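In what follows, a structure is listed as C-alpha cells, so that the remarks can point back to it.
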Amino acid sequence: MVETRNSKLNQNKSTVRTVGKRTLKHIETEISTQPTKRARKKKETIVKEETVESESGVTKIEPTQSRIHTKLAAQASKKRAAILVKYLRVEEYDRGDIILGIRVPDVRSISKDLGFLPFTILKELINSKYHEERLLSVINLVDKYKISKDPEEKKNLFEFYLNDMREGIDNWDLVDISASHVVGSYLIDKPELKKTWLFERLLNSERLWDRRIAIVSTLYFINQGQFEDTTKLSEILLNDEKDLIHKATGWMLREVGKKSKKNLVNFLDKYAVKMPRVMLRYSLEKFSDQEKKKYMQKGKK
C-alpha cells in the first residue's frame with residue numbers, strides 16, 4: 001500500500017514545501033484533452049525536486065512513482081471515478097484499469113509541477129494499473145516533445161513513445177491526447193518512416209489502439225494541409241470491426257472537411273456506400289441537414 005502524503009510527513013515529523021516556495025492551485029474544470037502551454041525555461045528538461053525540512057536539515061527528494069501516486073491520489077474522487085469508468089468504457093476495453101477519478105487539468109498541473117521526467121519514471125508510470133498515472137506519463141512526454149528544439153531528442157522521444165510506451169497506451173483518451181503531437185509531428189516529413197510505422201506496423205496491428213494511433217496521428221498532417229495519408233488510411237479502415245476505429249476515422253475525415261470540403265466530398269462520393277454508419281455520421285457533422293440526408297441514404301443500412 002502506498003503511504004499517503006500526510007501519514008508520511010507525520011512519521012518523519014517534517015513539512016514539505018515545493019522548490020522556490022511555490023504552491024499549486026488545483027482548479028477544477030471540465031475534462032479536456034487539449035494540452036496547455038509549458039513555460040520555456042533554460043532548465044526545462046531537469047526534473048524538479050521536493051525539499052523536506054527536518055531536524056537533520058534539508059534533503060532533496062527526486063520524484064518517484066510512489067510519490068507521484070500520492071500527489072495524484074490527493075485529487076481523487078470516487079464519484080468522478082464512477083463517471084469516468086463509463087466515459088472511458090473501462091469495462092469493455094481495459095486491462096484491469098483502475099480509475100482514481102482525477103480531472104485532466106489536475107493531472108496536467110501535477111505533471112507540470114514535477115518537471116520533465118526521465119524515461120525510467122515515464123516507463124514505470126505507463127505500466128501502472130492506475131489510469132491517471134499512465135495519463136500523466138503520456139502528458140509529460142508530449143509536453144517535452146512539443147517544447148524540444150533538438151532533432152535528436154525528438155527522435156528519442158518518438159522512439160520511446162512507440163517502442164516503450166505503446167503497450168500502456170490502451171484507451172482512446174491516451175491515444176487522442178498524444179498520437180498527433182508525437183507520431184504525426186515526427187513523421188510528417190519522413191515518407192519512408194511514415195510508410196513503415198503508419199501503414200505497416202500500426203495499421204496491421206491486432207491492437208485496436210495501434211490502429212487508432214495510426215489514424216489519429218494524421219490530425220497533424222491535416223492541420224498542415226496534407227490529406228492524402230488520412231484518406232488512404234480511412235479507405236483501408238472501412239472494414240475495421242471496432243467502433244472506436246470507426247469513430248476516430250470519421251473524426252479525421254470531418255477534420256479534412258474543415259480544411260477542404262472538396263477532399264471530403266470526393267471521399268464520400270466514392271466510399272459512402274461502404275462506410276460504417278458511425279464513421280459516416282462523424283464525417284458529416286459539419287454538413288447541412290440536406291447533405292447529411294443525401295449521404296446517409298447512400299450509406300450502409
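Identifiers for the C-alpha cells are assigned positionally: chains receive A, B, ... in sequence, residues are indexed from 1 per chain, and ligands are indexed from 1 in the order shown.
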(message) Residues near segment 233-236 of chain A, anyone? I mean within 10 Å using only C-alpha atoms, not counting same-chain ones fewer than 6 positions away, as a ChimeraX atom specification.
(response) /A:198-199,203,211,214-215,218,245-246,248-250,252-253,267,270-271,274-275,279
Could you make a table, as CSV, of the residues of segment 165-202 of chain A that have an atom within 9 Å of an atom of segment 113-135 of chain A, each with its nearest atom pair and distance in Å to one decimal, counting only C-alpha atoms, in chain and number order?
residue,atom,partner,partner_atom,distance
A:Met165,CA,A:Ile126,CA,6.1
A:Arg166,CA,A:Ile126,CA,8.6
A:Glu167,CA,A:Asn127,CA,8.0
A:Gly168,CA,A:Ile126,CA,5.2
A:Ile169,CA,A:Ile126,CA,7.4
A:Asp173,CA,A:Leu135,CA,8.4
A:Leu174,CA,A:Leu135,CA,6.3
A:Ile177,CA,A:Leu135,CA,8.9
(request) Return the single residue from A:Asn171, A:Arg67, A:Lys293, A:Ala74 that is closest to Asp97 of chain A, with distances computed using only C-alpha atoms. (result) A:Asn171
Dump as JSON lines the rows for residues of segment 226-296 of chain A within 12 Å of segment 184-196 of chain A: closest atom pair and distance in Å with one decimal, only C-alpha atoms counted, ordered by chain and rising residue number.
{"residue": "A:Gln226", "atom": "CA", "partner": "A:Ile188", "partner_atom": "CA", "distance": 9.0}
{"residue": "A:Phe227", "atom": "CA", "partner": "A:Ile188", "partner_atom": "CA", "distance": 11.3}
{"residue": "A:Glu228", "atom": "CA", "partner": "A:Ile188", "partner_atom": "CA", "distance": 11.6}
{"residue": "A:Asp229", "atom": "CA", "partner": "A:Lys194", "partner_atom": "CA", "distance": 9.3}
{"residue": "A:Thr230", "atom": "CA", "partner": "A:Gly184", "partner_atom": "CA", "distance": 11.1}
{"residue": "A:Lys232", "atom": "CA", "partner": "A:Lys195", "partner_atom": "CA", "distance": 11.4}
{"residue": "A:Leu233", "atom": "CA", "partner": "A:Lys195", "partner_atom": "CA", "distance": 10.9}
(request) For atom CA of Arg108 of chain A and atom CA of Glu159 of chain A, determine how far apart the two atoms are, in Å to one decimal place. (result)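 Rounded to one decimal, the two atoms are 22.6 Å apart.
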(message) Would you pick out the contacts of Ser178 of chain A at 8 Å or less, using only C-alpha atoms, so that residues sharing its chain but fewer than 6 positions from it are not included, and give the list as a ChimeraX atom specification?
(response) /A:138-139,142
Residues just named, written with all heavy atoms as a compact mmCIF listing (two decimals), in the first residue's frame:
# COMPACT_ATOMS: atom_id res chain seq x y z
N VAL A 138 2.00 10.06 -20.36
CA VAL A 138 1.79 10.49 -21.74
C VAL A 138 1.83 12.01 -21.85
O VAL A 138 2.49 12.57 -22.74
CB VAL A 138 0.45 9.95 -22.27
CG1 VAL A 138 0.09 10.59 -23.59
CG2 VAL A 138 0.50 8.43 -22.41
N ILE A 139 1.14 12.70 -20.95
CA ILE A 139 1.13 14.17 -20.96
C ILE A 139 2.54 14.72 -20.79
O ILE A 139 2.94 15.66 -21.50
CB ILE A 139 0.22 14.70 -19.84
CG1 ILE A 139 -1.25 14.48 -20.20
CG2 ILE A 139 0.47 16.19 -19.58
CD1 ILE A 139 -2.23 14.80 -19.08
N VAL A 142 4.53 14.22 -24.05
CA VAL A 142 4.03 15.09 -25.11
C VAL A 142 4.50 16.52 -24.90
O VAL A 142 4.97 17.18 -25.84
CB VAL A 142 2.49 15.04 -25.18
CG1 VAL A 142 1.95 16.17 -26.07
CG2 VAL A 142 2.02 13.70 -25.71
(request) Can you check which residues of segment 64-224 of chain A DSSP gives as helix (DSSP H, G or I) on the backbone and send them as a VMD selection string? (result) chain A and resid 65 to 73 78 to 87 90 to 93 104 to 114 119 to 126 131 to 147 151 to 168 172 to 176 179 to 187 191 to 202 208 to 223
(message) So, with only C-alpha atoms as the atoms that count, which of A:Gln65, A:Lys294, A:Asp170, A:Val256 lies closest to Tyr93 of chain A?
(response)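 Going through A:Gln65, A:Lys294, A:Asp170, A:Val256 one by one, the smallest distance to Tyr93 of chain A is for A:Asp170.
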(message) Report, in Å with one decimal, the straight-line distance from atom CA of Leu141 of chain A to atom CA of Lys247 of chain A.
(response) 25.5 Å
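Atom CA of Thr64 of chain A lies 25.2 Å from atom CA of Lys155 of chain A.
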(request) Quick one: pick out all strand (DSSP E or B) residues within segment 49-143 of chain A from a backbone DSSP run and write them as a list in words. (result)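 The strand (DSSP E or B) residues within segment 49-143 of chain A come out as Glu50, Thr51, Val52, Glu53, Ser54, Gly57, Val58, Thr59, Lys60, Ile61, Ile98 and Tyr130 of chain A.
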Selected residues, N, CA and C atoms, written as a PDB file, in the first residue's frame, please.
ATOM      1  N   GLU A  50      11.509  17.971  -4.643  1.00  0.00           N
ATOM      2  CA  GLU A  50      10.906  18.489  -3.438  1.00  0.00           C
ATOM      3  C   GLU A  50      11.984  18.592  -2.374  1.00  0.00           C
ATOM      4  N   THR A  51      11.824  19.509  -1.444  1.00  0.00           N
ATOM      5  CA  THR A  51      12.747  19.592  -0.316  1.00  0.00           C
ATOM      6  C   THR A  51      11.997  19.308   0.959  1.00  0.00           C
ATOM      7  N   VAL A  52      12.587  18.513   1.802  1.00  0.00           N
ATOM      8  CA  VAL A  52      11.995  18.169   3.089  1.00  0.00           C
ATOM      9  C   VAL A  52      12.839  18.761   4.203  1.00  0.00           C
ATOM     10  N   GLU A  53      12.227  19.589   5.025  1.00  0.00           N
ATOM     11  CA  GLU A  53      12.908  20.188   6.155  1.00  0.00           C
ATOM     12  C   GLU A  53      12.676  19.324   7.385  1.00  0.00           C
ATOM     13  N   SER A  54      13.722  18.898   8.024  1.00  0.00           N
ATOM     14  CA  SER A  54      13.603  18.094   9.232  1.00  0.00           C
ATOM     15  C   SER A  54      14.663  18.529  10.229  1.00  0.00           C
ATOM     16  N   GLY A  57      18.147  18.720   8.852  1.00  0.00           N
ATOM     17  CA  GLY A  57      18.465  19.675   7.803  1.00  0.00           C
ATOM     18  C   GLY A  57      17.537  19.535   6.622  1.00  0.00           C
ATOM     19  N   VAL A  58      17.984  19.994   5.434  1.00  0.00           N
ATOM     20  CA  VAL A  58      17.173  19.972   4.226  1.00  0.00           C
ATOM     21  C   VAL A  58      17.661  18.861   3.304  1.00  0.00           C
ATOM     22  N   THR A  59      16.742  18.025   2.849  1.00  0.00           N
ATOM     23  CA  THR A  59      17.077  16.907   1.977  1.00  0.00           C
ATOM     24  C   THR A  59      16.301  17.016   0.678  1.00  0.00           C
ATOM     25  N   LYS A  60      16.992  16.839  -0.438  1.00  0.00           N
ATOM     26  CA  LYS A  60      16.327  16.873  -1.739  1.00  0.00           C
ATOM     27  C   LYS A  60      15.782  15.490  -2.070  1.00  0.00           C
ATOM     28  N   ILE A  61      14.561  15.455  -2.602  1.00  0.00           N
ATOM     29  CA  ILE A  61      13.914  14.198  -2.935  1.00  0.00           C
ATOM     30  C   ILE A  61      13.468  14.226  -4.391  1.00  0.00           C
ATOM     31  N   ILE A  98      -7.583   0.799 -13.222  1.00  0.00           N
ATOM     32  CA  ILE A  98      -8.135   1.404 -12.015  1.00  0.00           C
ATOM     33  C   ILE A  98      -8.203   2.913 -12.221  1.00  0.00           C
ATOM     34  N   TYR A 130      -2.943   2.144 -12.635  1.00  0.00           N
ATOM     35  CA  TYR A 130      -3.763   3.336 -12.431  1.00  0.00           C
ATOM     36  C   TYR A 130      -3.793   4.173 -13.710  1.00  0.00           C
TER      37      TYR A 130
END
